[in-house]
$ cat data-v8.pdb   # PDB, C-alpha atoms
ATOM      1  CA  MET A   9       0.000   0.000   0.000  1.00  0.00           C
ATOM      2  CA  GLY A  10       2.850   2.364   0.859  1.00  0.00           C
ATOM      3  CA  LEU A  11       4.509   1.700  -2.494  1.00  0.00           C
ATOM      4  CA  LEU A  12       1.227   2.375  -4.322  1.00  0.00           C
ATOM      5  CA  CYS A  13       0.781   5.695  -2.506  1.00  0.00           C
ATOM      6  CA  ASN A  14       4.359   6.690  -3.362  1.00  0.00           C
ATOM      7  CA  ILE A  15       3.770   5.852  -7.034  1.00  0.00           C
ATOM      8  CA  LEU A  16       0.547   7.891  -7.091  1.00  0.00           C
ATOM      9  CA  LEU A  17       2.283  10.808  -5.399  1.00  0.00           C
ATOM     10  CA  PHE A  18       5.112  10.666  -7.956  1.00  0.00           C
ATOM     11  CA  LEU A  19       2.589  10.692 -10.820  1.00  0.00           C
ATOM     12  CA  LEU A  20       0.769  13.657  -9.294  1.00  0.00           C
ATOM     13  CA  LEU A  21       3.994  15.601  -8.831  1.00  0.00           C
ATOM     14  CA  CYS A  22       4.966  14.864 -12.440  1.00  0.00           C
ATOM     15  CA  THR A  23       1.539  16.086 -13.545  1.00  0.00           C
ATOM     16  CA  CYS A  24       1.957  19.332 -11.596  1.00  0.00           C
ATOM     17  CA  VAL A  25       5.393  19.962 -13.124  1.00  0.00           C
ATOM     18  CA  ALA A  26       4.044  19.291 -16.620  1.00  0.00           C
ATOM     19  CA  GLU A  27       1.086  21.608 -16.051  1.00  0.00           C
ATOM     20  CA  SER A  28       3.348  24.447 -14.957  1.00  0.00           C
ATOM     21  CA  ALA A  29       5.706  24.167 -17.942  1.00  0.00           C
ATOM     22  CA  ASP A  30       3.536  25.487 -20.783  1.00  0.00           C
ATOM     23  CA  PRO A  31       1.321  28.593 -20.980  1.00  0.00           C
ATOM     24  CA  LEU A  32      -2.400  28.020 -20.608  1.00  0.00           C
ATOM     25  CA  GLY A  33      -3.046  30.957 -22.910  1.00  0.00           C
ATOM     26  CA  ASP A  34      -2.158  34.517 -23.811  1.00  0.00           C
ATOM     27  CA  PHE A  35      -3.750  37.754 -24.968  1.00  0.00           C
ATOM     28  CA  CYS A  36      -2.068  40.222 -27.341  1.00  0.00           C
ATOM     29  CA  ASN A  37      -4.160  43.361 -27.859  1.00  0.00           C
ATOM     30  CA  GLU A  38      -3.630  44.321 -31.500  1.00  0.00           C
ATOM     31  CA  ASP A  39      -5.400  47.640 -30.877  1.00  0.00           C
ATOM     32  CA  ASN A  40      -2.533  48.752 -28.637  1.00  0.00           C
ATOM     33  CA  GLU A  41       0.676  48.456 -30.639  1.00  0.00           C
ATOM     34  CA  ILE A  42       4.137  49.246 -29.328  1.00  0.00           C
ATOM     35  CA  GLY A  43       5.229  52.754 -30.217  1.00  0.00           C
ATOM     36  CA  LYS A  44       8.683  54.255 -30.436  1.00  0.00           C
ATOM     37  CA  GLY A  45      10.524  54.069 -27.119  1.00  0.00           C
ATOM     38  CA  ILE A  46       8.092  51.655 -25.453  1.00  0.00           C
ATOM     39  CA  SER A  47       9.801  48.377 -26.337  1.00  0.00           C
ATOM     40  CA  ALA A  48      12.893  49.090 -24.227  1.00  0.00           C
ATOM     41  CA  ASN A  49      10.683  50.147 -21.317  1.00  0.00           C
ATOM     42  CA  ILE A  50       8.770  46.857 -21.524  1.00  0.00           C
ATOM     43  CA  ASP A  51      12.026  44.916 -21.356  1.00  0.00           C
ATOM     44  CA  THR A  52      13.147  46.873 -18.297  1.00  0.00           C
ATOM     45  CA  LEU A  53       9.744  46.427 -16.662  1.00  0.00           C
ATOM     46  CA  LEU A  54       9.875  42.661 -17.199  1.00  0.00           C
ATOM     47  CA  THR A  55      13.333  42.553 -15.642  1.00  0.00           C
ATOM     48  CA  LYS A  56      11.940  44.319 -12.563  1.00  0.00           C
ATOM     49  CA  LEU A  57       9.053  41.869 -12.312  1.00  0.00           C
ATOM     50  CA  VAL A  58      11.332  38.843 -12.594  1.00  0.00           C
ATOM     51  CA  SER A  59      13.866  40.237 -10.105  1.00  0.00           C
ATOM     52  CA  ASN A  60      11.324  41.046  -7.398  1.00  0.00           C
ATOM     53  CA  ILE A  61       8.824  38.175  -7.607  1.00  0.00           C
ATOM     54  CA  ALA A  62      10.586  35.700  -5.295  1.00  0.00           C
ATOM     55  CA  SER A  63      10.144  37.586  -2.021  1.00  0.00           C
ATOM     56  CA  THR A  64       6.330  37.779  -1.956  1.00  0.00           C
ATOM     57  CA  GLY A  65       5.046  36.037  -5.084  1.00  0.00           C
ATOM     58  CA  TYR A  66       3.505  39.308  -6.273  1.00  0.00           C
ATOM     59  CA  VAL A  67       4.780  42.479  -7.950  1.00  0.00           C
ATOM     60  CA  ALA A  68       2.887  45.447  -9.387  1.00  0.00           C
ATOM     61  CA  THR A  69       5.030  48.282 -10.708  1.00  0.00           C
ATOM     62  CA  SER A  70       5.691  50.648 -13.608  1.00  0.00           C
ATOM     63  CA  TYR A  71       8.619  51.964 -15.588  1.00  0.00           C
ATOM     64  CA  GLY A  72       9.278  55.019 -17.738  1.00  0.00           C
ATOM     65  CA  ARG A  73       7.562  58.354 -18.193  1.00  0.00           C
ATOM     66  CA  ASP A  74       4.542  59.408 -20.211  1.00  0.00           C
ATOM     67  CA  PRO A  75       3.860  58.809 -23.017  1.00  0.00           C
ATOM     68  CA  ASN A  76       6.088  55.709 -22.856  1.00  0.00           C
ATOM     69  CA  GLN A  77       5.307  54.592 -19.312  1.00  0.00           C
ATOM     70  CA  VAL A  78       4.464  50.898 -18.934  1.00  0.00           C
ATOM     71  CA  TYR A  79       2.604  49.222 -16.062  1.00  0.00           C
ATOM     72  CA  GLY A  80       3.143  45.597 -15.110  1.00  0.00           C
ATOM     73  CA  LEU A  81       1.874  42.924 -12.747  1.00  0.00           C
ATOM     74  CA  ALA A  82       3.195  39.467 -11.940  1.00  0.00           C
ATOM     75  CA  GLN A  83       1.665  37.039  -9.475  1.00  0.00           C
ATOM     76  CA  CYS A  84       2.092  33.380  -8.610  1.00  0.00           C
ATOM     77  CA  ARG A  85      -0.455  30.979  -7.222  1.00  0.00           C
ATOM     78  CA  GLY A  86      -0.357  31.320  -3.467  1.00  0.00           C
ATOM     79  CA  ASP A  87       0.366  27.650  -2.758  1.00  0.00           C
ATOM     80  CA  VAL A  88       3.401  27.425  -5.075  1.00  0.00           C
ATOM     81  CA  ALA A  89       6.985  27.316  -3.748  1.00  0.00           C
ATOM     82  CA  LYS A  90       9.225  30.374  -4.243  1.00  0.00           C
ATOM     83  CA  GLU A  91      11.563  28.542  -6.614  1.00  0.00           C
ATOM     84  CA  ASP A  92       8.705  27.378  -8.839  1.00  0.00           C
ATOM     85  CA  CYS A  93       7.200  30.860  -8.714  1.00  0.00           C
ATOM     86  CA  SER A  94      10.441  32.483  -9.891  1.00  0.00           C
ATOM     87  CA  THR A  95      10.868  29.942 -12.682  1.00  0.00           C
ATOM     88  CA  CYS A  96       7.297  30.466 -13.851  1.00  0.00           C
ATOM     89  CA  ILE A  97       7.628  34.257 -14.032  1.00  0.00           C
ATOM     90  CA  GLN A  98      10.962  33.960 -15.851  1.00  0.00           C
ATOM     91  CA  ASP A  99       9.305  31.736 -18.445  1.00  0.00           C
ATOM     92  CA  ALA A 100       6.310  34.061 -18.662  1.00  0.00           C
ATOM     93  CA  ALA A 101       8.497  37.135 -19.244  1.00  0.00           C
ATOM     94  CA  LYS A 102      10.313  35.363 -22.064  1.00  0.00           C
ATOM     95  CA  GLN A 103       7.230  33.888 -23.697  1.00  0.00           C
ATOM     96  CA  ILE A 104       5.090  37.014 -23.554  1.00  0.00           C
ATOM     97  CA  ARG A 105       7.624  38.977 -25.616  1.00  0.00           C
ATOM     98  CA  GLN A 106       7.833  36.185 -28.168  1.00  0.00           C
ATOM     99  CA  ARG A 107       4.074  35.790 -28.427  1.00  0.00           C
ATOM    100  CA  CYS A 108       3.200  39.501 -28.321  1.00  0.00           C
ATOM    101  CA  PRO A 109       6.224  41.210 -29.945  1.00  0.00           C
ATOM    102  CA  ASN A 110       4.288  44.214 -31.283  1.00  0.00           C
ATOM    103  CA  GLU A 111       1.617  44.766 -28.629  1.00  0.00           C
ATOM    104  CA  ALA A 112       1.828  47.098 -25.636  1.00  0.00           C
ATOM    105  CA  ASP A 113      -1.103  45.359 -23.897  1.00  0.00           C
ATOM    106  CA  ALA A 114      -0.189  41.719 -23.302  1.00  0.00           C
ATOM    107  CA  ARG A 115      -1.079  38.979 -20.819  1.00  0.00           C
ATOM    108  CA  ILE A 116       0.006  35.387 -20.303  1.00  0.00           C
ATOM    109  CA  TRP A 117      -1.391  32.679 -18.032  1.00  0.00           C
ATOM    110  CA  TYR A 118       0.385  29.641 -16.617  1.00  0.00           C
ATOM    111  CA  ASP A 119      -0.899  27.136 -14.107  1.00  0.00           C
ATOM    112  CA  TYR A 120       1.515  28.530 -11.511  1.00  0.00           C
ATOM    113  CA  CYS A 121       1.574  32.223 -12.424  1.00  0.00           C
ATOM    114  CA  PHE A 122       0.178  35.171 -14.378  1.00  0.00           C
ATOM    115  CA  LEU A 123       1.926  38.172 -15.949  1.00  0.00           C
ATOM    116  CA  ARG A 124       0.671  41.228 -17.807  1.00  0.00           C
ATOM    117  CA  TYR A 125       1.712  44.704 -18.912  1.00  0.00           C
ATOM    118  CA  ASN A 126       0.044  47.696 -20.536  1.00  0.00           C
ATOM    119  CA  THR A 127       0.653  51.358 -21.301  1.00  0.00           C
ATOM    120  CA  LYS A 128      -2.681  52.010 -19.548  1.00  0.00           C
ATOM    121  CA  ASN A 129      -2.629  51.909 -15.751  1.00  0.00           C
ATOM    122  CA  PHE A 130      -4.756  48.852 -14.955  1.00  0.00           C
ATOM    123  CA  ILE A 131      -3.416  48.294 -11.431  1.00  0.00           C
ATOM    124  CA  GLY A 132      -6.248  48.212  -8.900  1.00  0.00           C
ATOM    125  CA  GLU A 133      -8.982  47.739 -11.513  1.00  0.00           C
ATOM    126  CA  ILE A 134     -11.059  44.565 -11.841  1.00  0.00           C
ATOM    127  CA  ASP A 135     -10.801  43.010 -15.313  1.00  0.00           C
ATOM    128  CA  THR A 136     -12.962  40.151 -16.603  1.00  0.00           C
ATOM    129  CA  SER A 137     -13.071  41.383 -20.198  1.00  0.00           C
ATOM    130  CA  TYR A 138     -11.022  38.469 -21.530  1.00  0.00           C
ATOM    131  CA  GLY A 139     -11.142  34.926 -20.239  1.00  0.00           C
ATOM    132  CA  ILE A 140      -9.751  31.465 -20.893  1.00  0.00           C
ATOM    133  CA  PHE A 141     -11.845  28.452 -19.907  1.00  0.00           C
ATOM    134  CA  TYR A 142     -10.692  24.838 -19.668  1.00  0.00           C
ATOM    135  CA  TYR A 143     -13.115  22.015 -18.985  1.00  0.00           C
ATOM    136  CA  ASN A 144     -12.951  18.240 -18.789  1.00  0.00           C
ATOM    137  CA  VAL A 145     -14.925  16.531 -21.563  1.00  0.00           C
ATOM    138  CA  ASN A 146     -16.245  13.905 -19.121  1.00  0.00           C
ATOM    139  CA  ASN A 147     -19.315  14.428 -16.936  1.00  0.00           C
ATOM    140  CA  VAL A 148     -19.766  13.383 -13.315  1.00  0.00           C
ATOM    141  CA  THR A 149     -21.956  10.365 -12.563  1.00  0.00           C
ATOM    142  CA  ASP A 150     -23.977  11.970  -9.747  1.00  0.00           C
ATOM    143  CA  PRO A 151     -24.621  15.556 -10.895  1.00  0.00           C
ATOM    144  CA  VAL A 152     -27.109  16.481  -8.157  1.00  0.00           C
ATOM    145  CA  ASN A 153     -24.721  15.708  -5.301  1.00  0.00           C
ATOM    146  CA  PHE A 154     -21.740  17.057  -7.251  1.00  0.00           C
ATOM    147  CA  ILE A 155     -23.314  20.451  -7.960  1.00  0.00           C
ATOM    148  CA  LYS A 156     -24.363  20.877  -4.324  1.00  0.00           C
ATOM    149  CA  GLN A 157     -20.900  19.970  -3.052  1.00  0.00           C
ATOM    150  CA  LEU A 158     -19.257  22.264  -5.619  1.00  0.00           C
ATOM    151  CA  GLU A 159     -21.463  25.198  -4.621  1.00  0.00           C
ATOM    152  CA  ASP A 160     -20.740  24.639  -0.932  1.00  0.00           C
ATOM    153  CA  LEU A 161     -16.999  24.265  -1.469  1.00  0.00           C
ATOM    154  CA  THR A 162     -16.593  27.275  -3.748  1.00  0.00           C
ATOM    155  CA  GLY A 163     -18.665  29.335  -1.324  1.00  0.00           C
ATOM    156  CA  ARG A 164     -16.296  28.465   1.517  1.00  0.00           C
ATOM    157  CA  ILE A 165     -13.087  29.140  -0.369  1.00  0.00           C
ATOM    158  CA  ARG A 166     -14.405  32.384  -1.874  1.00  0.00           C
ATOM    159  CA  ALA A 167     -15.017  33.557   1.691  1.00  0.00           C
ATOM    160  CA  GLN A 168     -11.427  32.582   2.522  1.00  0.00           C
ATOM    161  CA  ALA A 169     -10.064  34.527  -0.436  1.00  0.00           C
ATOM    162  CA  VAL A 170     -11.550  37.878   0.604  1.00  0.00           C
ATOM    163  CA  GLU A 171     -10.062  37.701   4.104  1.00  0.00           C
ATOM    164  CA  PRO A 172      -7.049  40.073   4.166  1.00  0.00           C
ATOM    165  CA  LYS A 173      -4.766  37.502   5.827  1.00  0.00           C
ATOM    166  CA  ASN A 174      -5.205  35.102   2.879  1.00  0.00           C
ATOM    167  CA  GLN A 175      -4.085  37.628   0.215  1.00  0.00           C
ATOM    168  CA  GLY A 176      -6.782  36.640  -2.273  1.00  0.00           C
ATOM    169  CA  LEU A 177      -6.279  32.857  -2.016  1.00  0.00           C
ATOM    170  CA  GLY A 178      -8.816  30.216  -1.050  1.00  0.00           C
ATOM    171  CA  LYS A 179      -8.550  26.441  -1.412  1.00  0.00           C
ATOM    172  CA  GLY A 180     -10.140  23.308  -0.030  1.00  0.00           C
ATOM    173  CA  GLU A 181     -11.614  19.891  -0.632  1.00  0.00           C
ATOM    174  CA  SER A 182     -14.907  18.112  -0.073  1.00  0.00           C
ATOM    175  CA  LYS A 183     -15.748  14.408   0.085  1.00  0.00           C
ATOM    176  CA  LEU A 184     -18.122  13.270  -2.671  1.00  0.00           C
ATOM    177  CA  SER A 185     -17.905   9.642  -1.571  1.00  0.00           C
ATOM    178  CA  PRO A 186     -15.593   7.497   0.580  1.00  0.00           C
ATOM    179  CA  LEU A 187     -13.205   7.179  -2.382  1.00  0.00           C
ATOM    180  CA  VAL A 188     -13.658  10.448  -4.292  1.00  0.00           C
ATOM    181  CA  SER A 189     -12.942  14.038  -3.234  1.00  0.00           C
ATOM    182  CA  LEU A 190     -13.558  17.364  -4.942  1.00  0.00           C
ATOM    183  CA  TYR A 191     -10.700  19.887  -4.906  1.00  0.00           C
ATOM    184  CA  ALA A 192     -11.053  23.605  -5.638  1.00  0.00           C
ATOM    185  CA  LEU A 193      -8.894  26.729  -5.583  1.00  0.00           C
ATOM    186  CA  VAL A 194      -9.676  30.406  -6.166  1.00  0.00           C
ATOM    187  CA  GLN A 195      -7.339  33.382  -6.274  1.00  0.00           C
ATOM    188  CA  CYS A 196      -7.531  37.098  -7.008  1.00  0.00           C
ATOM    189  CA  THR A 197      -4.680  39.366  -8.021  1.00  0.00           C
ATOM    190  CA  ARG A 198      -3.538  41.272  -4.961  1.00  0.00           C
ATOM    191  CA  ASP A 199      -3.958  44.710  -6.501  1.00  0.00           C
ATOM    192  CA  ILE A 200      -7.769  44.652  -6.383  1.00  0.00           C
ATOM    193  CA  SER A 201      -9.968  45.342  -3.355  1.00  0.00           C
ATOM    194  CA  GLN A 202     -11.801  42.697  -1.338  1.00  0.00           C
ATOM    195  CA  ILE A 203     -15.099  43.788  -2.889  1.00  0.00           C
ATOM    196  CA  ASP A 204     -13.679  43.547  -6.408  1.00  0.00           C
ATOM    197  CA  CYS A 205     -12.157  40.177  -5.560  1.00  0.00           C
ATOM    198  CA  ALA A 206     -15.548  38.872  -4.442  1.00  0.00           C
ATOM    199  CA  GLN A 207     -17.145  40.236  -7.619  1.00  0.00           C
ATOM    200  CA  CYS A 208     -14.509  38.718  -9.898  1.00  0.00           C
ATOM    201  CA  LEU A 209     -14.805  35.308  -8.244  1.00  0.00           C
ATOM    202  CA  ALA A 210     -18.601  35.425  -8.468  1.00  0.00           C
ATOM    203  CA  ILE A 211     -18.370  36.074 -12.216  1.00  0.00           C
ATOM    204  CA  ALA A 212     -15.832  33.281 -12.645  1.00  0.00           C
ATOM    205  CA  VAL A 213     -17.751  30.704 -10.587  1.00  0.00           C
ATOM    206  CA  GLU A 214     -20.942  31.522 -12.493  1.00  0.00           C
ATOM    207  CA  THR A 215     -19.168  30.117 -15.560  1.00  0.00           C
ATOM    208  CA  PHE A 216     -19.269  26.690 -13.900  1.00  0.00           C
ATOM    209  CA  THR A 217     -23.022  26.547 -14.544  1.00  0.00           C
ATOM    210  CA  THR A 218     -22.747  27.576 -18.198  1.00  0.00           C
ATOM    211  CA  ILE A 219     -19.563  26.286 -19.807  1.00  0.00           C
ATOM    212  CA  CYS A 220     -18.600  23.658 -17.227  1.00  0.00           C
ATOM    213  CA  SER A 221     -21.943  22.308 -16.038  1.00  0.00           C
ATOM    214  CA  GLU A 222     -21.536  18.782 -14.576  1.00  0.00           C
ATOM    215  CA  ARG A 223     -17.965  18.497 -15.890  1.00  0.00           C
ATOM    216  CA  LYS A 224     -15.358  16.589 -13.890  1.00  0.00           C
ATOM    217  CA  GLY A 225     -12.997  19.570 -13.986  1.00  0.00           C
ATOM    218  CA  CYS A 226     -12.968  23.236 -14.953  1.00  0.00           C
ATOM    219  CA  ARG A 227     -10.654  26.255 -14.960  1.00  0.00           C
ATOM    220  CA  VAL A 228     -11.651  29.887 -15.475  1.00  0.00           C
ATOM    221  CA  LEU A 229      -8.827  32.388 -15.919  1.00  0.00           C
ATOM    222  CA  TYR A 230      -9.399  36.140 -15.975  1.00  0.00           C
ATOM    223  CA  SER A 231      -6.860  38.930 -15.593  1.00  0.00           C
ATOM    224  CA  SER A 232      -8.054  39.661 -12.043  1.00  0.00           C
ATOM    225  CA  CYS A 233      -8.928  36.198 -10.738  1.00  0.00           C
ATOM    226  CA  TYR A 234      -8.632  32.467 -11.269  1.00  0.00           C
ATOM    227  CA  VAL A 235     -10.887  29.578 -10.245  1.00  0.00           C
ATOM    228  CA  ARG A 236     -10.455  25.844 -10.671  1.00  0.00           C
ATOM    229  CA  TYR A 237     -11.924  22.568  -9.507  1.00  0.00           C
ATOM    230  CA  GLU A 238     -10.931  18.964 -10.177  1.00  0.00           C
ATOM    231  CA  LEU A 239     -11.616  15.443  -8.933  1.00  0.00           C
ATOM    232  CA  TYR A 240      -7.909  15.035  -8.223  1.00  0.00           C
ATOM    233  CA  PRO A 241      -5.526  17.054  -6.022  1.00  0.00           C
ATOM    234  CA  PHE A 242      -3.784  19.795  -8.004  1.00  0.00           C
ATOM    235  CA  PHE A 243      -2.726  22.319  -5.370  1.00  0.00           C
ATOM    236  CA  PHE A 244      -0.006  22.064  -2.742  1.00  0.00           C
ATOM    237  CA  PRO A 245       0.500  20.236  -0.451  1.00  0.00           C
ATOM    238  CA  ILE A 246      -0.396  17.239  -2.619  1.00  0.00           C
ATOM    239  CA  ASN A 247      -2.753  14.601  -1.199  1.00  0.00           C
ATOM    240  CA  SER A 248      -2.217  11.382  -3.150  1.00  0.00           C
ATOM    241  CA  SER A 249      -5.315   9.449  -2.062  1.00  0.00           C
ATOM    242  CA  ASN A 250      -7.608  10.437  -4.925  1.00  0.00           C
ATOM    243  CA  GLY A 251      -5.995   9.232  -8.157  1.00  0.00           C
ATOM    244  CA  THR A 252      -4.288  11.113 -10.977  1.00  0.00           C
ATOM    245  CA  ALA A 253      -5.107  13.879 -13.411  1.00  0.00           C
ATOM    246  CA  GLU A 254      -7.118  13.405 -16.583  1.00  0.00           C
ATOM    247  CA  ASP A 255      -5.738  14.943 -19.773  1.00  0.00           C
ATOM    248  CA  ASN A 256      -8.953  15.124 -21.819  1.00  0.00           C
ATOM    249  CA  GLN A 257      -9.718  18.841 -21.661  1.00  0.00           C
ATOM    250  CA  ILE A 258     -11.138  21.447 -24.026  1.00  0.00           C
ATOM    251  CA  VAL A 259     -10.137  25.105 -23.994  1.00  0.00           C
ATOM    252  CA  VAL A 260     -12.520  27.971 -24.782  1.00  0.00           C
ATOM    253  CA  VAL A 261     -11.427  31.591 -25.219  1.00  0.00           C
ATOM    254  CA  HIS A 262     -13.747  34.547 -24.551  1.00  0.00           C
ATOM    255  CA  PRO A 263     -14.532  36.894 -26.156  1.00  0.00           C
TER     256      PRO A 263
END

$ encode --input "data-v8.pdb" --output "structure tokens"
Amino acid sequence: MGLLCNILLFLLLCTCVAESADPLGDFCNEDNEIGKGISANIDTLLTKLVSNIASTGYVATSYGRDPNQVYGLAQCRGDVAKEDCSTCIQDAAKQIRQRCPNEADARIWYDYCFLRYNTKNFIGEIDTSYGIFYYNVNNVTDPVNFIKQLEDLTGRIRAQAVEPKNQGLGKGESKLSPLVSLYALVQCTRDISQIDCAQCLAIAVETFTTICSERKGCRVLYSSCYVRYELYPFFFPINSSNGTAEDNQIVVVHP
């Protein structure tokens, strides 16, 4: 039994590493192109974000002067180790410039972190204008019980997230049966207020009933918040008693 648990834990850790390696999605606003003098400021801004992320897992800053000033934000998932956080933001800073070479409004999402920059000061403003949604193609076998448990669990962790001491993070699990547990995590970017955090999470969780209804797993990623649930443990510390991740997911981009 101990060997089996160790094998399952190894598989789960491998899954988490694989999930963190590639971007979940990006947004390059073609209506906001890089003008003369802005490109160098973006590079300097990204260097600042990468250099300062390790201490707190969150950085919001700016660089330059009008009209070439650039604002940036980087944040890691609150349960992720400092080393993994730093690696994720380094990758994000590199990838965002490759994917959005000509845009001054750019965002990139990873499982472990999020990074964005813009010539417009977005810091402190709630933003659900663009979203990325992942859902498992398989449905649960007991939707009535599942939906009730999901509503209860997301309600609890949303309440956690808006408490100042939790810095926008809420996570937890709920037993669906003796052998199956439901895991969920929510997080807001730390620049927005508690009220805006609650609003962003409410909008994100509402997507569960439209795009992800009765699905075994779902992720909703906005620029100001992130919500996810699965029937396997995906946040840290890992609990290996519930099986491994399923890879059959579909991604939807909005708008």

$ resolve_selection --input "data-v8.pdb" --expression "the PyMOL selection byres ((chain A and resi 32) around 6)" --output "PyMOL selection string"
chain A and resi 31+33+117-118

$ atom_distance --input "data-v8.pdb" --atom1 "CA of Cys205 (chain A)" --atom2 "CA of Asp87 (chain A)"
17.9 Å

$ resolve_selection --input "data-v8.pdb" --expression "the PyMOL selection byres ((chain A and resi 72) around 12)" --output "number ranges by chain"
A: 45-53, 69-71, 73-80, 127

$ atom_distance --input "data-v8.pdb" --atom1 "CA of Asn37 (chain A)" --atom2 "CA of Ala112 (chain A)"
7.4 Å

$ resolve_selection --input "data-v8.pdb" --expression "the PyMOL selection byres ((chain A and resi 230) around 12)" --output "tab-separated table (two decimals) with C-alpha atoms, keeping the file's coordinate frame"
chain	number	residue	atom	x	y	z
A	32	LEU	CA	-2.40	28.02	-20.61
A	33	GLY	CA	-3.05	30.96	-22.91
A	34	ASP	CA	-2.16	34.52	-23.81
A	35	PHE	CA	-3.75	37.75	-24.97
A	115	ARG	CA	-1.08	38.98	-20.82
A	116	ILE	CA	0.01	35.39	-20.30
A	117	TRP	CA	-1.39	32.68	-18.03
A	118	TYR	CA	0.38	29.64	-16.62
A	122	PHE	CA	0.18	35.17	-14.38
A	123	LEU	CA	1.93	38.17	-15.95
A	124	ARG	CA	0.67	41.23	-17.81
A	134	ILE	CA	-11.06	44.56	-11.84
A	135	ASP	CA	-10.80	43.01	-15.31
A	136	THR	CA	-12.96	40.15	-16.60
A	137	SER	CA	-13.07	41.38	-20.20
A	138	TYR	CA	-11.02	38.47	-21.53
A	139	GLY	CA	-11.14	34.93	-20.24
A	140	ILE	CA	-9.75	31.46	-20.89
A	141	PHE	CA	-11.84	28.45	-19.91
A	142	TYR	CA	-10.69	24.84	-19.67
A	194	VAL	CA	-9.68	30.41	-6.17
A	195	GLN	CA	-7.34	33.38	-6.27
A	196	CYS	CA	-7.53	37.10	-7.01
A	197	THR	CA	-4.68	39.37	-8.02
A	205	CYS	CA	-12.16	40.18	-5.56
A	208	CYS	CA	-14.51	38.72	-9.90
A	209	LEU	CA	-14.80	35.31	-8.24
A	210	ALA	CA	-18.60	35.42	-8.47
A	211	ILE	CA	-18.37	36.07	-12.22
A	212	ALA	CA	-15.83	33.28	-12.64
A	213	VAL	CA	-17.75	30.70	-10.59
A	215	THR	CA	-19.17	30.12	-15.56
A	227	ARG	CA	-10.65	26.26	-14.96
A	228	VAL	CA	-11.65	29.89	-15.48
A	229	LEU	CA	-8.83	32.39	-15.92
A	231	SER	CA	-6.86	38.93	-15.59
A	232	SER	CA	-8.05	39.66	-12.04
A	233	CYS	CA	-8.93	36.20	-10.74
A	234	TYR	CA	-8.63	32.47	-11.27
A	235	VAL	CA	-10.89	29.58	-10.24
A	236	ARG	CA	-10.46	25.84	-10.67
A	261	VAL	CA	-11.43	31.59	-25.22
A	262	HIS	CA	-13.75	34.55	-24.55
A	263	PRO	CA	-14.53	36.89	-26.16

$ axis_aligned_box --input "data-v8.pdb" --around "region 189-203 of chain A" --padding-each-side "4 Å" --output "lines of an AutoDock Vina configuration file"
center_x = -9.3
center_y = 29.7
center_z = -4.7
size_x = 19.6
size_y = 39.3
size_z = 14.7

$ closest_residue --input "data-v8.pdb" --among "A:Ala192, A:Tyr240, A:Thr149, A:Asn110" --to "Asp39 (chain A)" --atoms "all atoms listed in the file"
A:Asn110

$ atom_distance --input "data-v8.pdb" --atom1 "CA of Gly178 (chain A)" --atom2 "CA of Glu222 (chain A)"
21.8 Å

$ closest_residue --input "data-v8.pdb" --among "A:Asp30, A:Asp199, A:Glu91, A:Glu41" --to "Asn126 (chain A)" --atoms "only C-alpha atoms"
A:Glu41

$ residues_around --input "data-v8.pdb" --residues "Cys108 (chain A)" --least-positions-apart "4" --cutoff "7 Å" --atoms "all atoms listed in the file" --output "list of chain:residue names"
A:Cys36, A:Ile104, A:Ala114

$ closest_residue --input "data-v8.pdb" --among "A:Gln175, A:Ala68, A:Thr217, A:Gln106" --to "Phe130 (chain A)" --atoms "only C-alpha atoms"
A:Ala68

$ closest_residue --input "data-v8.pdb" --among "A:Leu187, A:Ala82, A:Val58, A:Ala89" --to "Cys121 (chain A)" --atoms "all atoms listed in the file"
A:Ala82

$ closest_residue --input "data-v8.pdb" --among "A:Ser94, A:Ser189, A:Gly86, A:Ser201" --to "Pro172 (chain A)" --atoms "only C-alpha atoms"
A:Ser201

$ closest_residue --input "data-v8.pdb" --among "A:Cys220, A:Ile42, A:Cys226, A:Cys84" --to "Glu111 (chain A)" --atoms "all atoms listed in the file"
A:Ile42

$ residues_around --input "data-v8.pdb" --residues "Thr95 (chain A)" --least-positions-apart "6" --cutoff "10 Å" --atoms "all atoms listed in the file" --output "PDB file with C-alpha atoms, keeping the file's coordinate frame"
ATOM      1  CA  SER A  28       3.348  24.447 -14.957  1.00  0.00           C
ATOM      2  CA  ALA A  29       5.706  24.167 -17.942  1.00  0.00           C
ATOM      3  CA  VAL A  58      11.332  38.843 -12.594  1.00  0.00           C
ATOM      4  CA  ILE A  61       8.824  38.175  -7.607  1.00  0.00           C
ATOM      5  CA  ALA A  62      10.586  35.700  -5.295  1.00  0.00           C
ATOM      6  CA  TYR A 120       1.515  28.530 -11.511  1.00  0.00           C
ATOM      7  CA  CYS A 121       1.574  32.223 -12.424  1.00  0.00           C
TER       8      CYS A 121
END
